[in-house]
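So this block is structure_20.tsv, TSV, C-alpha atoms:
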```
chain	number	residue	atom	x	y	z
A	25	MET	CA	-24.05	2.38	10.94
A	26	VAL	CA	-22.02	5.28	12.31
A	27	ARG	CA	-19.00	6.70	10.53
A	28	VAL	CA	-16.15	7.08	13.02
A	29	THR	CA	-14.19	10.26	12.48
A	30	THR	CA	-12.11	10.51	15.64
A	31	ILE	CA	-8.40	9.90	15.18
A	32	SER	CA	-8.41	7.65	18.26
A	33	SER	CA	-10.41	4.98	16.42
A	34	ASP	CA	-7.99	2.44	14.95
A	35	LEU	CA	-9.98	0.83	12.15
A	36	TRP	CA	-7.12	-1.58	11.43
A	37	HIS	CA	-6.90	-2.92	14.97
A	38	HIS	CA	-8.16	-6.42	14.08
A	39	PHE	CA	-6.57	-6.80	10.65
A	40	GLY	CA	-3.97	-9.59	10.42
A	41	ARG	CA	-4.08	-10.35	14.13
A	42	THR	CA	-5.10	-14.00	13.76
A	43	ARG	CA	-2.35	-14.69	11.23
A	44	ALA	CA	0.27	-13.04	13.42
A	45	GLU	CA	-0.54	-15.48	16.22
A	46	HIS	CA	0.70	-18.47	14.20
A	47	ASP	CA	2.82	-17.06	11.36
A	48	ARG	CA	5.77	-14.95	12.46
A	49	ALA	CA	8.20	-15.86	9.68
A	50	VAL	CA	9.62	-13.44	7.12
A	51	PRO	CA	7.66	-14.26	3.93
A	52	GLU	CA	9.63	-16.00	1.21
A	53	THR	CA	7.41	-14.54	-1.51
A	54	PHE	CA	6.03	-11.13	-2.46
A	55	ARG	CA	2.85	-10.89	-4.53
A	56	TRP	CA	0.82	-7.98	-5.86
A	57	ILE	CA	-2.40	-9.85	-6.65
A	58	TRP	CA	-5.41	-9.60	-4.33
A	59	SER	CA	-5.40	-13.32	-3.52
A	60	GLN	CA	-1.63	-13.26	-2.86
A	61	ASP	CA	-1.12	-16.61	-4.58
A	62	SER	CA	0.26	-15.94	-8.07
A	63	GLY	CA	1.27	-13.27	-10.54
A	64	PRO	CA	4.33	-11.03	-10.66
A	65	GLY	CA	6.52	-10.42	-7.65
A	66	PRO	CA	9.09	-7.86	-6.50
A	67	GLU	CA	10.84	-7.84	-9.87
A	68	VAL	CA	8.30	-5.17	-10.85
A	69	LEU	CA	10.13	-2.80	-8.49
A	70	GLY	CA	13.42	-3.19	-10.39
A	71	ASP	CA	16.83	-3.86	-8.87
A	72	LEU	CA	16.61	-2.78	-5.23
A	73	SER	CA	20.27	-3.28	-4.34
A	74	GLY	CA	21.43	-0.24	-2.37
A	75	ARG	CA	18.10	1.52	-2.88
A	76	VAL	CA	15.88	3.32	-0.37
A	77	VAL	CA	12.39	1.86	-0.57
A	78	GLY	CA	9.12	2.92	1.08
A	79	ASP	CA	6.05	0.77	1.73
A	80	LEU	CA	2.99	3.02	2.04
A	81	GLY	CA	0.30	1.49	4.23
A	82	ALA	CA	2.54	-1.41	5.19
A	83	GLY	CA	0.23	-3.04	7.73
A	84	ALA	CA	2.16	-5.82	9.50
A	85	ALA	CA	5.11	-5.08	7.15
A	86	ARG	CA	5.24	-8.57	5.63
A	87	HIS	CA	6.04	-7.29	2.14
A	88	ALA	CA	8.61	-4.86	3.51
A	89	ALA	CA	10.22	-7.62	5.58
A	90	HIS	CA	10.57	-9.79	2.49
A	91	LEU	CA	12.35	-7.02	0.61
A	92	ALA	CA	14.66	-6.23	3.52
A	93	ALA	CA	15.60	-9.89	3.98
A	94	TYR	CA	15.98	-11.01	0.37
A	95	HIS	CA	16.76	-8.05	-1.91
A	96	GLU	CA	19.64	-6.10	-0.29
A	97	PRO	CA	18.16	-2.60	-0.30
A	98	ALA	CA	19.94	0.12	1.62
A	99	ARG	CA	16.77	0.52	3.66
A	100	VAL	CA	13.07	-0.32	3.54
A	101	VAL	CA	10.75	2.02	5.43
A	102	ALA	CA	7.39	0.48	6.33
A	103	VAL	CA	4.88	3.30	6.96
A	104	ASP	CA	1.47	2.82	8.54
A	105	ALA	CA	-0.79	5.12	10.55
A	106	SER	CA	-2.43	2.38	12.62
A	107	PRO	CA	-1.05	1.99	16.18
A	108	ALA	CA	-2.09	-1.68	16.16
A	109	GLN	CA	-0.40	-2.40	12.85
A	110	TYR	CA	2.75	-0.57	13.98
A	111	GLU	CA	2.88	-2.63	17.16
A	112	MET	CA	2.30	-5.86	15.22
A	113	ALA	CA	4.94	-5.06	12.61
A	114	THR	CA	7.48	-4.14	15.26
A	115	GLY	CA	6.83	-7.37	17.15
A	116	LEU	CA	7.09	-9.50	14.03
A	117	PHE	CA	9.97	-7.90	12.18
A	118	GLY	CA	11.74	-5.41	14.45
A	119	HIS	CA	14.74	-7.75	14.41
A	120	LEU	CA	15.37	-6.77	10.77
A	121	ALA	CA	16.47	-3.26	11.78
A	122	PRO	CA	18.30	-1.20	10.66
A	123	ARG	CA	17.64	-2.44	7.11
A	124	LEU	CA	13.91	-2.42	7.89
A	125	ARG	CA	12.60	0.72	9.58
A	126	ILE	CA	9.01	0.64	10.83
A	127	VAL	CA	7.32	4.06	11.08
A	128	ARG	CA	3.96	5.00	12.57
A	129	SER	CA	2.66	7.86	10.45
A	130	ASP	CA	0.04	8.62	7.86
A	131	ALA	CA	1.56	8.35	4.40
A	132	VAL	CA	1.02	11.95	3.31
A	133	SER	CA	2.71	13.45	6.38
A	134	HIS	CA	5.63	11.06	6.11
A	135	LEU	CA	6.16	11.77	2.42
A	136	HIS	CA	6.08	15.53	2.90
A	137	ALA	CA	8.73	15.17	5.63
A	138	THR	CA	11.08	13.10	3.43
A	139	ALA	CA	11.54	15.11	0.25
A	140	ASP	CA	13.79	13.57	-2.43
A	141	SER	CA	14.57	10.60	-0.16
A	142	TYR	CA	13.20	7.53	-1.93
A	143	ASP	CA	14.31	5.59	-4.98
A	144	VAL	CA	11.16	3.43	-4.93
A	145	LEU	CA	7.74	3.76	-3.31
A	146	TYR	CA	5.15	0.99	-3.40
A	147	SER	CA	1.82	-0.02	-1.92
A	148	VAL	CA	0.04	-3.38	-1.91
A	149	PHE	CA	-3.64	-2.53	-1.36
A	150	GLY	CA	-2.36	-0.01	1.17
A	151	ALA	CA	-2.27	3.76	1.41
A	152	LEU	CA	-3.12	4.25	-2.28
A	153	ASP	CA	-6.47	2.58	-1.59
A	154	PHE	CA	-7.29	4.45	1.62
A	155	THR	CA	-5.93	7.98	1.10
A	156	ASP	CA	-7.29	10.60	-1.27
A	157	PRO	CA	-4.95	10.25	-4.28
A	158	ARG	CA	-5.16	13.98	-4.95
A	159	GLU	CA	-3.23	14.39	-1.68
A	160	LEU	CA	-1.08	11.27	-1.73
A	161	LEU	CA	0.26	11.31	-5.29
A	162	PRO	CA	1.77	14.83	-5.15
A	163	ALA	CA	3.31	13.92	-1.80
A	164	ALA	CA	4.81	10.80	-3.38
A	165	VAL	CA	6.31	12.90	-6.16
A	166	SER	CA	7.96	15.14	-3.58
A	167	ALA	CA	9.42	12.19	-1.66
A	168	LEU	CA	10.82	10.38	-4.70
A	169	LYS	CA	14.15	11.27	-6.20
A	170	PRO	CA	13.92	12.42	-9.85
A	171	GLY	CA	13.35	9.30	-11.91
A	172	GLY	CA	12.17	7.38	-8.84
A	173	ARG	CA	9.52	4.70	-9.28
A	174	LEU	CA	6.04	4.31	-7.79
A	175	VAL	CA	4.35	0.90	-7.99
A	176	PHE	CA	1.05	-0.06	-6.42
A	177	SER	CA	-1.66	-2.68	-6.62
A	178	THR	CA	-5.27	-1.70	-6.11
A	179	LEU	CA	-8.72	-3.14	-6.72
A	180	ALA	CA	-9.84	-3.20	-10.34
A	181	HIS	CA	-13.45	-3.21	-9.12
A	182	TYR	CA	-15.29	-3.41	-5.83
A	183	LEU	CA	-15.29	-6.68	-3.90
A	184	SER	CA	-19.05	-6.78	-4.50
A	185	GLY	CA	-18.36	-6.90	-8.25
A	186	ALA	CA	-19.54	-3.31	-8.82
A	187	LEU	CA	-17.58	-1.27	-11.34
A	188	ALA	CA	-14.78	1.03	-10.24
A	189	GLN	CA	-15.42	4.76	-10.16
A	190	PRO	CA	-15.10	6.79	-13.41
A	191	ASP	CA	-13.85	9.80	-11.43
A	192	VAL	CA	-11.80	10.48	-8.29
A	193	VAL	CA	-14.49	9.49	-5.82
A	194	GLY	CA	-14.01	7.67	-2.54
A	195	THR	CA	-16.62	5.24	-1.23
A	196	ASP	CA	-17.43	4.24	2.33
A	197	VAL	CA	-16.81	0.54	2.90
A	198	PRO	CA	-17.51	-1.57	6.01
A	199	ALA	CA	-15.00	-1.55	8.88
A	200	LYS	CA	-14.82	-2.16	12.62
A	201	THR	CA	-13.55	0.01	15.43
A	202	SER	CA	-10.99	-1.39	17.85
A	203	GLU	CA	-13.95	-2.12	20.14
A	204	GLY	CA	-15.60	-4.22	17.42
A	205	GLU	CA	-18.37	-1.77	16.55
A	206	ALA	CA	-19.52	-1.51	12.93
A	207	THR	CA	-18.44	1.61	11.06
A	208	THR	CA	-17.04	2.58	7.66
A	209	MET	CA	-13.80	3.80	6.14
A	210	ARG	CA	-13.14	5.57	2.86
A	211	ARG	CA	-11.66	3.56	-0.04
A	212	TRP	CA	-10.73	4.72	-3.54
A	213	VAL	CA	-11.57	2.15	-6.25
A	214	LEU	CA	-10.91	3.88	-9.57
A	215	GLN	CA	-10.96	2.92	-13.23
A	216	GLU	CA	-7.68	2.60	-15.12
A	217	HIS	CA	-7.97	5.85	-17.06
A	218	VAL	CA	-8.66	7.76	-13.84
A	219	TRP	CA	-5.41	6.53	-12.26
A	220	VAL	CA	-3.49	7.46	-15.41
A	221	LYS	CA	-4.98	10.96	-15.44
A	222	ILE	CA	-4.29	11.80	-11.79
A	223	LEU	CA	-0.78	10.29	-11.90
A	224	ASP	CA	0.04	12.48	-14.89
A	225	GLU	CA	-1.39	15.56	-13.18
A	226	ALA	CA	0.67	14.83	-10.05
A	227	GLY	CA	3.97	14.77	-11.95
A	228	PHE	CA	4.48	11.17	-13.05
A	229	THR	CA	5.42	9.81	-16.46
A	230	GLY	CA	5.96	6.33	-17.94
A	231	ILE	CA	2.59	5.30	-16.52
A	232	SER	CA	1.39	1.75	-17.15
A	233	VAL	CA	-1.58	-0.21	-15.80
A	234	ASP	CA	-1.83	-4.00	-16.00
A	235	VAL	CA	-4.92	-6.00	-15.08
A	236	LEU	CA	-4.15	-9.14	-13.07
A	237	PRO	CA	-7.22	-11.41	-13.16
A	238	SER	CA	-8.35	-13.05	-9.96
A	239	THR	CA	-7.26	-16.66	-9.62
A	240	VAL	CA	-10.12	-17.59	-7.30
A	241	ALA	CA	-13.90	-17.45	-7.55
A	242	GLY	CA	-16.47	-16.57	-4.94
A	243	PRO	CA	-17.48	-13.57	-2.83
A	244	ARG	CA	-15.07	-10.81	-1.83
A	245	THR	CA	-12.56	-11.46	-4.57
A	246	ALA	CA	-11.41	-9.07	-7.27
A	247	ASP	CA	-9.13	-8.48	-10.21
A	248	THR	CA	-6.09	-6.35	-9.48
A	249	LEU	CA	-4.72	-3.24	-11.16
A	250	LEU	CA	-0.93	-3.16	-11.04
A	251	VAL	CA	0.16	0.44	-11.67
A	252	THR	CA	3.70	1.68	-12.30
A	253	ALA	CA	4.88	5.24	-12.82
A	254	VAL	CA	8.08	7.28	-12.68
A	255	ARG	CA	8.67	10.73	-11.21
A	256	ARG	CA	9.48	13.17	-13.97
A	257	PRO	CA	13.15	14.22	-13.94
```

This structure in structure tokens:
Amino acid sequence: MVRVTTISSDLWHHFGRTRAEHDRAVPETFRWIWSQDSGPGPEVLGDLSGRVVGDLGAGAARHAAHLAAYHEPARVVAVDASPAQYEMATGLFGHLAPRLRIVRSDAVSHLHATADSYDVLYSVFGALDFTDPRELLPAAVSALKPGGRLVFSTLAHYLSGALAQPDVVGTDVPAKTSEGEATTMRRWVLQEHVWVKILDEAGFTGISVDVLPSTVAGPRTADTLLVTAVRRP
């Protein structure tokens, strides 16, 4: 297996493509849990009326589209680095502009360019899973307004069942190039206390971590960590 390191390789090219062929509707629900079938919803984000909200690693922007359509934010910005995911999101939900803005960018660069702009940032198994948190979390602090909220869901353990990492360590997991060749990408699967420590070091307070048990059995399922934190004033 060869690790692809060139920026031209879109490792998310195939993700969600089959669903997009037959499901183009704005989702009526928003779930944090890995199986996307139960558990808490967007109420975890607080009242979004008139707020500026960012989805980090938005993929096809289904969660962002739900918020834009049903929760009256001032704006939801769906950020994803993948050209294929950007194209898919634009095709599915571009009609929700200007309330929904779809941006092709890696999360860290976007956050550094939007200092003190966001009331709420969130990620549903998105950029927080696939970006070194020692880079992403300080960038999130800079992009949030004082007192702004960060919420994200992430794996509580590996899909294989192996325990999460006891330190800030990324692991190579299987992926495919846009041409369908086998490769790997880096994913951060961390224990609860590790998330708490690095969030605190980055400048967050009011940190809480809830474990949402999986509702399904079988291979490639996992419990979910639902993490909330607030930028220090």

(message) Counting all atoms listed in the file, which residues have an atom no more than 12 Å from (-5.4, -8.9, 18.4) in the file's coordinates? Please list them as a ChimeraX atom specification.
(response) /A:36-45,107-109,111-112,202-204

Closest-contact table, stretch 175-228 of chain A side, partner stretch 76-80 of chain A, 12 Å, counting only C-alpha atoms, as a Markdown table:
```
| residue | atom | partner | partner_atom | distance |
| --- | --- | --- | --- | --- |
| A:Val175 | CA | A:Asp79 | CA | 9.9 |
| A:Phe176 | CA | A:Leu80 | CA | 9.2 |
| A:Ser177 | CA | A:Leu80 | CA | 11.4 |
```

(request) Name all residues at most 10 Å from A:Asp191 (count only C-alpha atoms; drop same-chain ones fewer than 6 positions away) and give them as a list in words. (result) Trp212, Val213, Leu214, Gln215, His217, Val218, Trp219, Lys221 and Ile222 of chain A

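Comparing the minimum interatomic distances between A:Gly194 and each of A:Thr155, A:Ser232, A:Thr138, A:Thr207, counting all atoms listed in the file, we find that A:Thr155 sits nearest.
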
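Distances from A:Ala131, A:Ala93, A:Leu116, A:Leu174 to A:Glu159 were compared using only C-alpha atoms, and the smallest one belongs to A:Ala131.
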
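Minimum distance to A:Gly118 across A:Arg48, A:Tyr146, A:Ala167, A:Gln60 (counting all atoms listed in the file) occurs at A:Arg48.
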
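Distance annotation: of A:Gly185, A:Gly81, A:Pro243, A:Gly171, the residue with the minimal separation from A:Arg128 is A:Gly81; atom set is all atoms listed in the file.
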
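In terms of minimum interatomic distance to A:Ile231, A:Val254 ranks closest within A:Ala151, A:Leu249, A:Val254, A:Ala139, counting only C-alpha atoms.
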
(request) May I have the protein, DNA and RNA residues with an atom at most 7 Å from (9.5, -2.8, 2.1), counting only C-alpha atoms in the file's coordinates, returned as a PyMOL selection string? (result) chain A and resi 77-79+87-89+91-92+100-102

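Atom pair atom CA of A:Asp71 / atom CA of A:Ser141 has a distance of 17.0 Å (rounded to one decimal).
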
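If you look at atom CA of A:Thr229 and atom CA of A:Asp130, they are 24.9 Å away from each other.
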
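Of the residues listed (A:Val235, A:Ala113, A:Ala49, A:Ala121), A:Val235 shows the shortest atom-to-atom separation from A:His181; distances use only C-alpha atoms.
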
(request) Work out how far apart atom CA of A:Asp196 and atom CA of A:Phe149 are and give it in Å to one decimal. (result) 15.8 Å
